[in-house]
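What's in query_31.csv: CSV, C-alpha atoms
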```
chain,number,residue,atom,x,y,z
A,1,MET,CA,155.6,91.4,88.3
A,2,SER,CA,153.2,89.7,90.7
A,3,ASN,CA,151.8,90.1,94.2
A,4,VAL,CA,154.2,89.1,97.0
A,5,TYR,CA,152.6,86.9,99.8
A,6,ASP,CA,155.6,85.6,101.8
A,7,VAL,CA,156.9,88.9,103.4
A,8,LEU,CA,155.9,90.6,106.6
A,9,HIS,CA,157.4,93.7,108.0
A,10,VAL,CA,157.0,92.4,111.6
A,11,GLN,CA,156.6,88.8,112.3
A,12,PRO,CA,153.7,88.6,114.9
A,13,ARG,CA,154.3,86.6,118.1
A,14,LEU,CA,150.9,85.1,118.2
A,15,HIS,CA,151.6,82.8,121.1
A,16,ARG,CA,151.7,86.0,123.3
A,17,LYS,CA,149.0,88.5,124.0
A,18,LEU,CA,148.8,91.5,121.7
A,19,LYS,CA,148.7,95.1,123.0
A,20,PRO,CA,145.5,95.5,125.2
A,21,PRO,CA,143.1,97.0,122.6
A,22,ALA,CA,144.1,94.5,119.9
A,23,GLU,CA,144.1,91.6,122.3
A,24,ALA,CA,140.6,92.5,123.6
A,25,LEU,CA,139.3,92.6,120.0
A,26,ALA,CA,140.9,89.2,119.2
A,27,GLN,CA,139.3,87.7,122.3
A,28,ALA,CA,135.9,89.3,121.4
A,29,ILE,CA,136.1,87.8,117.9
A,30,VAL,CA,136.7,84.3,119.3
A,31,ALA,CA,133.9,84.7,121.9
A,32,SER,CA,131.5,85.8,119.2
A,33,GLY,CA,131.6,82.4,117.6
A,34,ARG,CA,131.6,84.0,114.2
A,35,MET,CA,135.1,82.9,113.1
A,36,ARG,CA,134.8,79.7,111.0
A,37,LEU,CA,138.0,77.8,110.7
A,38,ASP,CA,138.7,74.9,108.4
A,39,ALA,CA,142.2,73.6,109.6
A,40,ASP,CA,143.1,70.6,107.5
A,41,ASP,CA,141.5,67.7,109.3
A,42,GLU,CA,140.0,69.9,112.0
A,43,SER,CA,137.1,72.3,111.8
A,44,ASN,CA,135.1,74.4,114.2
A,45,PHE,CA,131.9,74.7,112.2
A,46,THR,CA,129.3,72.9,110.1
A,47,ARG,CA,126.9,74.0,107.3
A,48,LEU,CA,123.2,73.5,107.2
A,49,LEU,CA,122.2,73.5,103.6
A,50,MET,CA,118.4,73.1,102.9
A,51,PRO,CA,117.7,74.5,99.4
A,52,LYS,CA,114.0,73.9,99.6
A,53,GLU,CA,113.8,76.0,102.7
A,54,ARG,CA,116.3,78.6,101.3
A,55,ILE,CA,118.6,77.9,104.2
A,56,ASN,CA,122.4,78.1,103.7
A,57,LEU,CA,123.9,78.8,107.1
A,58,THR,CA,126.9,77.8,109.1
A,59,PHE,CA,127.2,77.2,112.8
A,60,THR,CA,130.3,76.8,115.1
A,61,PHE,CA,130.7,74.7,118.1
A,62,LEU,CA,130.5,77.8,120.3
A,63,GLU,CA,127.3,79.0,118.7
A,64,MET,CA,125.7,75.6,119.6
A,65,SER,CA,127.1,75.4,123.1
A,66,ASP,CA,127.2,78.9,124.6
A,67,PRO,CA,123.7,79.7,126.0
A,68,VAL,CA,123.6,83.3,124.7
A,69,LEU,CA,125.0,82.3,121.2
A,70,LEU,CA,122.7,79.3,121.0
A,71,LYS,CA,119.6,81.5,121.6
A,72,GLN,CA,120.8,83.8,118.9
A,73,SER,CA,121.4,80.9,116.5
A,74,ARG,CA,117.9,79.5,117.2
A,75,GLU,CA,116.3,82.9,116.6
A,76,ARG,CA,118.2,83.3,113.4
A,77,LEU,CA,117.2,80.0,112.0
A,78,LYS,CA,113.6,80.3,113.2
A,79,ALA,CA,113.2,83.7,111.5
A,80,ILE,CA,114.0,82.1,108.1
A,81,LEU,CA,111.6,79.2,108.8
A,82,LEU,CA,108.8,81.5,109.6
A,83,GLU,CA,109.0,83.0,106.2
A,84,ARG,CA,107.6,79.7,104.7
A,85,HIS,CA,105.9,78.0,107.7
A,86,ASP,CA,103.5,78.8,110.5
A,87,GLU,CA,104.6,78.9,114.1
A,88,LYS,CA,103.9,75.3,114.9
A,89,GLU,CA,105.7,74.0,111.8
A,90,ALA,CA,108.6,76.4,112.2
A,91,THR,CA,109.2,75.3,115.8
A,92,ALA,CA,109.1,71.6,114.9
A,93,LEU,CA,111.5,72.1,112.0
A,94,LEU,CA,113.8,74.2,114.2
A,95,GLU,CA,114.3,71.4,116.7
A,96,GLN,CA,114.9,69.0,113.8
A,97,TYR,CA,117.5,71.2,112.2
A,98,ILE,CA,119.2,72.0,115.5
A,99,GLU,CA,119.5,68.2,116.2
A,100,ARG,CA,121.0,67.8,112.7
A,101,ILE,CA,123.5,70.6,113.2
A,102,ASN,CA,124.7,69.1,116.5
A,103,ALA,CA,125.0,65.6,114.9
A,104,ASN,CA,127.1,67.1,112.2
A,105,LEU,CA,129.3,68.9,114.7
A,106,LYS,CA,129.9,65.6,116.6
A,107,LYS,CA,131.5,64.2,113.4
A,108,LYS,CA,134.0,67.1,113.3
A,109,ARG,CA,137.4,67.1,115.0
A,110,PRO,CA,137.4,70.4,116.9
A,111,VAL,CA,140.1,73.1,116.5
A,112,ALA,CA,142.1,73.7,119.6
A,113,ALA,CA,141.1,76.8,121.5
A,114,LYS,CA,144.7,78.0,121.4
A,115,VAL,CA,144.7,77.9,117.6
A,116,GLU,CA,141.5,79.8,117.4
A,117,VAL,CA,142.9,82.6,119.6
A,118,MET,CA,146.2,82.8,117.6
A,119,MET,CA,144.2,82.9,114.3
A,120,ALA,CA,142.1,85.7,115.7
A,121,ARG,CA,145.2,87.6,116.7
A,122,ALA,CA,146.6,87.2,113.2
A,123,PHE,CA,143.3,88.5,111.8
A,124,VAL,CA,143.4,91.6,114.1
A,125,SER,CA,147.0,92.2,113.0
A,126,CYS,CA,146.1,92.5,109.3
A,127,ASN,CA,144.6,96.0,109.3
A,128,ALA,CA,144.0,99.2,111.3
A,129,LEU,CA,142.0,98.4,114.5
A,130,PRO,CA,138.9,100.5,113.6
A,131,VAL,CA,138.5,98.5,110.3
A,132,ILE,CA,138.6,95.1,112.2
A,133,ARG,CA,136.5,96.4,115.0
A,134,LEU,CA,133.8,97.5,112.6
A,135,ILE,CA,133.8,94.1,110.9
A,136,HIS,CA,133.3,92.6,114.3
A,137,LEU,CA,130.5,95.0,115.4
A,138,GLU,CA,128.7,94.4,112.1
A,139,LYS,CA,128.7,90.7,112.9
A,140,ALA,CA,130.5,89.6,109.8
A,141,GLU,CA,131.3,85.9,109.6
A,142,ILE,CA,135.0,85.3,109.1
A,143,TYR,CA,135.9,82.1,107.1
A,144,ILE,CA,139.4,80.9,107.2
A,145,SER,CA,140.8,77.9,105.2
A,146,TYR,CA,144.2,76.3,105.5
A,147,GLY,CA,143.9,75.4,101.8
A,148,HIS,CA,145.2,77.3,98.9
A,149,THR,CA,141.7,78.6,98.0
A,150,VAL,CA,138.6,79.4,100.0
A,151,SER,CA,136.7,76.5,98.4
A,152,ASP,CA,136.9,74.4,101.6
A,153,VAL,CA,134.7,76.8,103.5
A,154,MET,CA,132.0,77.2,100.9
A,155,ASP,CA,128.9,75.4,99.7
A,156,ILE,CA,129.0,73.7,96.3
A,157,ALA,CA,127.1,76.4,94.4
A,158,THR,CA,129.3,79.2,95.7
A,159,TRP,CA,132.5,77.1,95.2
A,160,GLN,CA,131.6,76.6,91.6
A,161,ARG,CA,131.3,80.4,91.1
A,162,VAL,CA,134.2,81.8,93.2
A,163,GLY,CA,135.8,78.8,94.9
A,164,GLU,CA,139.2,79.3,93.2
A,165,SER,CA,139.8,82.7,94.9
A,166,ASN,CA,142.4,82.9,97.6
A,167,GLY,CA,140.3,85.5,99.4
A,168,LEU,CA,137.1,87.5,99.0
A,169,GLN,CA,134.5,89.5,100.8
A,170,SER,CA,130.7,88.9,100.4
A,171,PHE,CA,128.0,91.4,101.3
A,172,GLY,CA,124.4,92.2,100.4
A,173,LYS,CA,121.1,90.3,100.8
A,174,GLY,CA,121.7,90.0,104.5
A,175,GLU,CA,125.2,88.5,104.1
A,176,ASN,CA,128.4,90.0,105.4
A,177,ALA,CA,131.4,87.7,105.3
A,178,VAL,CA,135.2,87.7,104.8
A,179,TYR,CA,136.9,84.7,103.3
A,180,VAL,CA,140.7,84.1,103.5
A,181,SER,CA,142.9,81.2,102.7
A,182,CYS,CA,146.3,80.4,104.2
A,183,GLY,CA,147.9,77.9,101.7
A,184,GLY,CA,149.2,75.8,104.6
A,185,HIS,CA,149.1,75.4,108.4
A,186,PRO,CA,150.3,78.8,109.8
A,187,PHE,CA,151.5,77.5,113.2
A,188,LEU,CA,153.6,74.5,112.3
A,189,GLU,CA,157.4,74.8,112.8
A,190,GLY,CA,160.5,72.8,112.1
A,191,ASP,CA,159.8,69.0,111.7
A,192,GLU,CA,156.1,69.5,112.2
A,193,ARG,CA,155.8,71.1,108.8
A,194,ASN,CA,154.3,68.8,106.1
A,195,HIS,CA,155.2,71.0,103.1
A,196,SER,CA,156.9,74.2,102.2
A,197,GLY,CA,153.7,76.2,102.6
A,198,ASP,CA,153.4,75.5,106.3
A,199,GLY,CA,154.6,77.8,109.0
A,200,PHE,CA,155.6,81.4,108.3
A,201,PRO,CA,154.7,81.3,104.6
A,202,ALA,CA,151.1,80.3,105.5
A,203,LEU,CA,150.9,82.9,108.3
A,204,ALA,CA,152.3,85.7,106.0
A,205,ARG,CA,149.9,84.7,103.2
A,206,PHE,CA,146.9,84.8,105.5
A,207,ILE,CA,147.8,88.2,107.0
A,208,VAL,CA,148.5,89.7,103.5
A,209,ILE,CA,145.3,88.4,101.9
A,210,ALA,CA,143.2,89.3,105.0
A,211,GLY,CA,144.7,92.8,104.8
A,212,GLN,CA,143.3,93.2,101.3
A,213,GLU,CA,139.9,91.7,101.9
A,214,THR,CA,139.3,93.7,105.1
A,215,GLY,CA,140.6,96.7,103.1
A,216,HIS,CA,137.6,96.2,100.8
A,217,ASN,CA,135.3,96.0,103.8
A,218,GLY,CA,136.7,99.2,105.3
A,219,ASP,CA,136.2,101.0,101.9
A,220,MET,CA,132.5,100.8,102.3
A,221,ILE,CA,130.8,104.0,103.3
A,222,ARG,CA,128.3,103.6,106.2
A,223,ASP,CA,125.4,106.1,106.6
A,224,GLU,CA,124.2,107.4,109.9
A,225,GLN,CA,122.0,104.3,110.3
A,226,GLY,CA,125.0,102.0,109.7
A,227,GLN,CA,123.8,100.9,106.3
A,228,TRP,CA,126.3,100.5,103.5
A,229,ALA,CA,125.8,103.4,101.1
A,230,GLY,CA,128.7,103.1,98.6
A,231,ARG,CA,132.5,103.1,98.5
A,232,TYR,CA,135.1,105.8,99.3
A,233,SER,CA,137.0,104.7,96.2
A,234,ALA,CA,134.2,104.8,93.7
A,235,VAL,CA,131.1,106.7,92.5
A,236,ASP,CA,127.8,104.9,92.9
A,237,TRP,CA,129.5,101.7,94.1
A,238,ASN,CA,131.4,101.0,90.8
A,239,ARG,CA,130.2,103.4,88.1
A,240,ALA,CA,133.5,105.3,88.1
A,241,PRO,CA,136.5,105.8,90.4
A,242,SER,CA,136.0,108.6,92.9
A,243,GLU,CA,138.0,111.7,92.1
A,244,LYS,CA,140.2,111.5,95.2
A,245,ALA,CA,141.0,107.8,94.8
A,246,ARG,CA,141.7,108.2,91.0
A,247,ASN,CA,144.0,111.2,91.5
A,248,ALA,CA,145.8,109.6,94.5
A,249,ARG,CA,146.5,106.4,92.5
A,250,LYS,CA,147.8,108.4,89.5
A,251,LYS,CA,150.1,110.5,91.6
A,252,ASP,CA,151.4,107.5,93.4
A,253,MET,CA,152.2,105.7,90.1
A,254,ARG,CA,154.4,108.7,89.2
A,255,VAL,CA,156.1,108.7,92.6
A,256,CYS,CA,156.7,105.0,92.6
A,257,GLU,CA,157.9,104.8,89.0
A,258,HIS,CA,160.2,107.8,89.7
A,259,PHE,CA,161.8,106.0,92.7
A,260,TYR,CA,162.2,102.8,90.8
A,261,SER,CA,163.7,104.5,87.8
A,262,LEU,CA,166.2,106.2,90.2
A,263,SER,CA,167.1,102.9,91.8
A,264,LYS,CA,167.9,101.4,88.5
A,265,LYS,CA,169.9,104.4,87.5
A,266,PHE,CA,172.0,104.1,90.7
A,267,GLY,CA,172.8,100.4,89.9
A,268,LEU,CA,170.2,98.4,91.9
A,269,ASN,CA,170.1,95.6,89.4
A,270,GLN,CA,173.9,95.2,89.4
A,271,ILE,CA,173.9,95.0,93.2
A,272,VAL,CA,171.2,92.4,93.1
A,273,GLU,CA,173.4,90.4,90.7
A,274,TRP,CA,176.4,90.6,93.1
A,275,GLU,CA,174.1,89.5,96.0
A,276,ARG,CA,173.1,86.5,93.9
A,277,HIS,CA,176.8,85.5,93.7
A,278,VAL,CA,177.2,86.0,97.4
A,279,LYS,CA,174.2,83.8,98.1
A,280,PHE,CA,175.6,81.1,95.8
A,281,TYR,CA,178.9,81.1,97.7
A,282,GLN,CA,177.2,81.1,101.1
A,283,GLU,CA,174.8,78.3,100.3
A,284,ASN,CA,177.6,76.1,98.9
A,285,LYS,CA,180.0,77.1,101.7
A,286,LEU,CA,182.6,78.3,99.4
A,287,ARG,CA,185.1,80.6,101.1
A,288,ASN,CA,187.9,82.1,99.0
A,289,TRP,CA,189.0,85.5,97.7
A,290,ARG,CA,186.2,85.5,95.1
A,291,SER,CA,183.5,85.0,97.8
A,292,ARG,CA,185.0,87.7,100.0
A,293,PHE,CA,185.4,90.1,97.2
A,294,ALA,CA,181.8,89.6,96.0
A,295,TRP,CA,180.5,90.1,99.6
A,296,LEU,CA,182.6,93.3,100.0
A,297,LYS,CA,181.6,94.7,96.6
A,298,SER,CA,177.9,94.1,97.3
A,299,ARG,CA,178.0,95.7,100.7
A,300,VAL,CA,180.0,98.8,99.7
A,301,THR,CA,177.9,99.5,96.6
A,302,TRP,CA,174.7,99.0,98.7
A,303,GLN,CA,175.8,101.7,101.1
A,304,LEU,CA,176.6,104.0,98.2
A,305,PHE,CA,173.3,103.2,96.6
A,306,LYS,CA,171.4,104.1,99.9
A,307,LEU,CA,173.3,107.4,100.2
A,308,ALA,CA,172.4,108.4,96.6
A,309,MET,CA,168.7,107.5,97.0
A,310,ARG,CA,168.5,109.3,100.3
A,311,ILE,CA,169.9,112.5,98.7
A,312,LYS,CA,167.0,112.2,96.3
A,313,GLY,CA,164.4,112.1,99.1
A,314,ALA,CA,163.9,108.3,99.3
A,315,LYS,CA,165.0,107.8,102.9
A,316,GLY,CA,161.7,106.3,104.0
A,317,LEU,CA,162.0,103.5,101.4
A,318,PHE,CA,164.8,102.0,103.5
A,319,ALA,CA,162.5,101.4,106.5
A,320,ILE,CA,161.6,98.0,105.1
A,321,ARG,CA,162.8,95.1,107.3
A,322,LYS,CA,166.4,94.1,107.5
A,323,ASP,CA,167.5,91.3,105.2
A,324,ARG,CA,170.7,89.3,104.5
A,325,TYR,CA,170.4,90.4,100.8
A,326,PRO,CA,169.1,94.0,101.1
A,327,ALA,CA,169.2,95.0,97.5
A,328,THR,CA,167.3,91.9,96.4
A,329,LEU,CA,164.6,92.7,99.0
A,330,PHE,CA,164.5,96.3,98.0
A,331,ARG,CA,163.9,95.5,94.4
A,332,LEU,CA,161.1,93.1,95.4
A,333,PHE,CA,159.6,95.9,97.4
A,334,MET,CA,159.6,98.3,94.6
A,335,THR,CA,158.2,95.9,92.0
A,336,ASP,CA,155.5,94.8,94.5
A,337,MET,CA,154.4,98.4,95.2
A,338,LEU,CA,154.2,99.0,91.4
A,339,PHE,CA,152.2,95.9,90.8
A,340,ASN,CA,149.6,96.7,93.5
A,341,LEU,CA,149.0,100.1,92.1
A,342,THR,CA,147.9,98.4,88.8
A,343,PRO,CA,147.0,94.9,89.8
A,344,GLN,CA,146.5,92.4,87.0
A,345,ALA,CA,143.9,89.6,87.0
A,346,PRO,CA,141.4,88.2,84.5
A,347,ASP,CA,138.6,89.3,86.8
A,348,TYR,CA,139.6,92.9,86.6
A,349,GLN,CA,139.6,93.1,82.8
A,350,ARG,CA,136.7,94.9,81.1
A,351,SER,CA,136.0,96.0,77.5
A,352,ASN,CA,135.0,99.4,78.9
A,353,PRO,CA,138.2,101.4,79.9
A,354,LEU,CA,136.4,103.3,82.6
A,355,ALA,CA,134.9,100.2,84.2
A,356,GLU,CA,138.4,98.6,84.2
A,357,GLU,CA,140.0,101.7,85.7
A,358,THR,CA,137.2,101.7,88.4
A,359,ILE,CA,137.9,98.1,89.4
A,360,ILE,CA,141.7,98.7,89.5
A,361,THR,CA,141.3,101.8,91.6
A,362,ILE,CA,139.0,100.0,94.1
A,363,GLU,CA,141.6,97.2,94.3
A,364,ALA,CA,144.6,99.6,94.7
A,365,VAL,CA,142.8,101.3,97.6
A,366,ALA,CA,141.9,98.1,99.3
A,367,ARG,CA,145.5,96.9,99.0
A,368,VAL,CA,147.1,99.7,101.0
A,369,PRO,CA,146.8,97.8,104.4
A,370,GLN,CA,148.2,94.7,102.8
A,371,GLN,CA,151.2,96.7,101.6
A,372,VAL,CA,151.7,98.1,105.1
A,373,VAL,CA,151.8,94.7,106.8
A,374,LYS,CA,154.4,93.6,104.2
A,375,TRP,CA,156.6,96.6,104.1
A,376,GLY,CA,155.8,98.9,107.1
A,377,HIS,CA,154.1,102.2,107.4
A,378,ALA,CA,157.2,104.4,106.7
A,379,ALA,CA,158.1,102.7,103.4
A,380,VAL,CA,154.5,102.6,102.1
A,381,ARG,CA,153.9,106.2,103.1
A,382,THR,CA,157.0,107.2,101.1
A,383,SER,CA,156.3,105.2,98.0
A,384,ILE,CA,152.5,105.8,97.7
A,385,PRO,CA,151.9,108.9,99.9
A,386,SER,CA,148.5,109.9,98.3
A,387,LEU,CA,146.8,106.5,98.6
A,388,TYR,CA,148.3,106.0,102.1
A,389,GLN,CA,146.8,109.3,103.2
A,390,PHE,CA,143.5,108.5,101.5
A,391,TYR,CA,143.2,105.2,103.3
A,392,TYR,CA,144.5,106.2,106.8
A,393,GLY,CA,143.2,109.8,106.6
A,394,THR,CA,139.8,109.1,105.2
A,395,ILE,CA,138.7,105.4,105.3
A,396,VAL,CA,140.1,104.5,108.7
A,397,PRO,CA,138.5,107.6,110.5
A,398,GLY,CA,135.3,106.8,108.6
A,399,CYS,CA,135.4,103.3,110.1
A,400,GLU,CA,136.0,104.7,113.6
A,401,ILE,CA,133.0,107.0,113.3
A,402,ALA,CA,130.9,104.0,112.2
A,403,CYS,CA,132.2,102.0,115.2
A,404,GLN,CA,131.1,104.8,117.5
A,405,ARG,CA,127.6,104.9,116.1
A,406,LEU,CA,127.2,101.1,116.4
A,407,SER,CA,128.6,101.1,120.0
A,408,LYS,CA,125.9,103.6,121.2
```

For the structure just supplied, provide its representation as structure tokens.
Amino acid sequence: MSNVYDVLHVQPRLHRKLKPPAEALAQAIVASGRMRLDADDESNFTRLLMPKERINLTFTFLEMSDPVLLKQSRERLKAILLERHDEKEATALLEQYIERINANLKKKRPVAAKVEVMMARAFVSCNALPVIRLIHLEKAEIYISYGHTVSDVMDIATWQRVGESNGLQSFGKGENAVYVSCGGHPFLEGDERNHSGDGFPALARFIVIAGQETGHNGDMIRDEQGQWAGRYSAVDWNRAPSEKARNARKKDMRVCEHFYSLSKKFGLNQIVEWERHVKFYQENKLRNWRSRFAWLKSRVTWQLFKLAMRIKGAKGLFAIRKDRYPATLFRLFMTDMLFNLTPQAPDYQRSNPLAEETIITIEAVARVPQQVVKWGHAAVRTSIPSLYQFYYGTIVPGCEIACQRLSK
């Protein structure tokens, strides 16, 4: 089993406006200038890297052109310079560095405004609105790469350490950022596509990965002053899984394994095999009694399978999107849910069993929103009810409270 990246429950229509609250948030993210986008041969930001001055900052076209954002950028840069220089030296260096930033931006091929808006809409669609709104209010920088990893939006030192990741979040020491890769151009269609990863696969991959990375951000507990004070999913950040998160994950593993065991008992694998035959006949345009019989057999047994599963309380599982080969998609759904309850990766492995369980629990909690964008609320709520309630009943309301405090 492995994580699924090319499935979305609802394909977003990003050329159109979202519902008013979501659209307003997407437009606010664009207007903030904090979305950094590396789009193949186009880019909307540049990096100022001055190791001797301990400067490693990025600036977008908007942050260098909008009067309000430019003032903020200058203040941000000058504050760092004043740590090592007096007022006169800091002011002179500031003008020198601003000139360098603008010169570097002139070498860039800008990203179209329409693409920036669609990318922001996709980002807003990846998680519950309070989680994304909190990321925006906390002024997190959002780095998006069209590559298969986030290396294209990193400096060399960071790239050497974590550049092979397809997504991550970074916080602490004054940094708050979310990194997401697409694995292709998400908005190319038809003959415009340069490779198989362009178009919908890239868009789906971006939304799925962004769902997980913003899930980690939402998992952070904010105190009354808005400072990060720990995780909902863990004790003392990562000493042990929190009791609620641990129990929720264990309960959901039993629920999910029960439903998957039932599905195999009721013949899911055999139906998938018949659908494989049907797909072969259809792709090769073979129409004979064998193809008709295979199609009829797969459809009849699928309906009987659904009836048997619904009798056992699994009606919500069939709320996943419609598909030409429903049993095949259903099996993919079940194995994907099971995998994300116990995700496997070298970075999660520890010699200490408690430390490893803590990391896996943190990951399982953060992956709830990614599962929702893939399979829909009803199916996820049925298959992992405890983690679903933990995320949408505890974490999302916590983010809403934090948003209200920051908005005062």

**OP:** Select, from A:Glu275, A:Asp152, A:Asp219, A:Asp347, the residue with the minimum atom-to-atom distance to Val368 of chain A, counting all atoms listed in the file.
**Re:** A:Asp219

**OP:** Could you check which of A:Val396, A:Val30, A:Leu81, A:Ile144 is closest to Phe61 of chain A, using all atoms listed in the file?
**Re:**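 Ranked by minimum distance to Phe61 of chain A, first place goes to A:Val30.
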
Subject >> Atom-to-atom span, atom CA of Leu296 of chain A and atom CA of Trp274 of chain A, Å >> reply: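 Here the two named atoms are 9.7 Å from each other.
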
**OP:** Using all atoms listed in the file, give me every residue within 6 Å of (156.4, 79.1, 108.7) in file coordinates, as a PyMOL selection string.
**Re:** chain A and resi 198-201

Subject >> Who sits within 8 Å of segment 65-76 of chain A, all atoms listed in the file, same chain under 3 positions skipped, as an MDAnalysis selection string >> reply: chainID A and resid 32:33 59 61:62 79:80 94 98

Saved selection, atoms kept: C-alpha atoms, as a PDB file, keeping the file's coordinate frame:
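Below is the file that was written, out06.pdb:
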```pdb
ATOM      1  CA  SER A  32     131.500  85.800 119.200  1.00  0.00           C
ATOM      2  CA  GLY A  33     131.600  82.400 117.600  1.00  0.00           C
ATOM      3  CA  PHE A  59     127.200  77.200 112.800  1.00  0.00           C
ATOM      4  CA  PHE A  61     130.700  74.700 118.100  1.00  0.00           C
ATOM      5  CA  LEU A  62     130.500  77.800 120.300  1.00  0.00           C
ATOM      6  CA  ALA A  79     113.200  83.700 111.500  1.00  0.00           C
ATOM      7  CA  ILE A  80     114.000  82.100 108.100  1.00  0.00           C
ATOM      8  CA  LEU A  94     113.800  74.200 114.200  1.00  0.00           C
ATOM      9  CA  ILE A  98     119.200  72.000 115.500  1.00  0.00           C
TER      10      ILE A  98
END
```

**OP:** Compile the contact shell of segment 360-366 of chain A as a PyMOL selection string: residues with an atom at most 10 Å away, counting all atoms listed in the file, same-chain residues fewer than 4 positions apart removed.
**Re:** chain A and resi 211-219+231-234+237-238+240-242+245-250+337+339-345+348-349+354-356+370-371+387-388+390-391+395

Original post:
Pick the closest to Lys374 of chain A from A:Glu87, A:Glu243, A:Glu400, A:Asp336: which is it, counting all atoms listed in the file?
Top reply: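 Once distances to Lys374 of chain A are computed over all atoms listed in the file, the minimum belongs to A:Asp336.
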
**OP:** Find the residue from A:Lys251, A:Arg367, A:Arg34, A:His277 that sits nearest to Lys139 of chain A; use only C-alpha atoms when measuring.
**Re:** A:Arg34

**OP:** Find, counting all atoms listed in the file, the residue in A:Lys312, A:Arg47, A:Ala128, A:Tyr281 that gets nearest to Asn102 of chain A.
**Re:**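 Among the listed residues, A:Arg47 lies closest to Asn102 of chain A.
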
Reconstruct all heavy atoms of segment 361-366 of chain A; output as a PDB file, keeping the file's coordinate frame.
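Done, and the output landed in part_31.pdb:
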```
ATOM      1  N   THR A 361     141.177 100.808  90.517  1.00  0.00           N
ATOM      2  CA  THR A 361     141.300 101.800  91.600  1.00  0.00           C
ATOM      3  C   THR A 361     140.755 101.272  92.898  1.00  0.00           C
ATOM      4  O   THR A 361     141.371 101.464  93.956  1.00  0.00           O
ATOM      5  CB  THR A 361     140.504 103.083  91.180  1.00  0.00           C
ATOM      6  OG1 THR A 361     141.031 103.602  89.954  1.00  0.00           O
ATOM      7  CG2 THR A 361     140.621 104.147  92.260  1.00  0.00           C
ATOM      8  N   ILE A 362     139.609 100.596  92.850  1.00  0.00           N
ATOM      9  CA  ILE A 362     139.000 100.000  94.100  1.00  0.00           C
ATOM     10  C   ILE A 362     140.045  98.993  94.660  1.00  0.00           C
ATOM     11  O   ILE A 362     140.280  98.974  95.883  1.00  0.00           O
ATOM     12  CB  ILE A 362     137.713  99.271  93.737  1.00  0.00           C
ATOM     13  CG1 ILE A 362     136.628 100.300  93.397  1.00  0.00           C
ATOM     14  CG2 ILE A 362     137.267  98.388  94.896  1.00  0.00           C
ATOM     15  CD1 ILE A 362     135.347  99.682  92.838  1.00  0.00           C
ATOM     16  N   GLU A 363     140.655  98.179  93.810  1.00  0.00           N
ATOM     17  CA  GLU A 363     141.600  97.200  94.300  1.00  0.00           C
ATOM     18  C   GLU A 363     142.874  97.883  94.868  1.00  0.00           C
ATOM     19  O   GLU A 363     143.391  97.469  95.907  1.00  0.00           O
ATOM     20  CB  GLU A 363     142.044  96.279  93.127  1.00  0.00           C
ATOM     21  CG  GLU A 363     141.032  95.226  92.781  1.00  0.00           C
ATOM     22  CD  GLU A 363     140.817  94.211  93.887  1.00  0.00           C
ATOM     23  OE1 GLU A 363     141.797  93.885  94.601  1.00  0.00           O
ATOM     24  OE2 GLU A 363     139.682  93.761  94.054  1.00  0.00           O
ATOM     25  N   ALA A 364     143.361  98.914  94.198  1.00  0.00           N
ATOM     26  CA  ALA A 364     144.600  99.600  94.700  1.00  0.00           C
ATOM     27  C   ALA A 364     144.337 100.209  96.059  1.00  0.00           C
ATOM     28  O   ALA A 364     145.215 100.161  96.934  1.00  0.00           O
ATOM     29  CB  ALA A 364     144.977 100.691  93.687  1.00  0.00           C
ATOM     30  N   VAL A 365     143.153 100.771  96.281  1.00  0.00           N
ATOM     31  CA  VAL A 365     142.800 101.300  97.600  1.00  0.00           C
ATOM     32  C   VAL A 365     142.766 100.257  98.652  1.00  0.00           C
ATOM     33  O   VAL A 365     143.334 100.382  99.740  1.00  0.00           O
ATOM     34  CB  VAL A 365     141.494 102.114  97.524  1.00  0.00           C
ATOM     35  CG1 VAL A 365     141.013 102.485  98.925  1.00  0.00           C
ATOM     36  CG2 VAL A 365     141.643 103.369  96.667  1.00  0.00           C
ATOM     37  N   ALA A 366     142.087  99.148  98.332  1.00  0.00           N
ATOM     38  CA  ALA A 366     141.900  98.100  99.300  1.00  0.00           C
ATOM     39  C   ALA A 366     143.249  97.402  99.651  1.00  0.00           C
ATOM     40  O   ALA A 366     143.389  96.794 100.727  1.00  0.00           O
ATOM     41  CB  ALA A 366     140.959  97.006  98.750  1.00  0.00           C
TER      42      ALA A 366
END
```
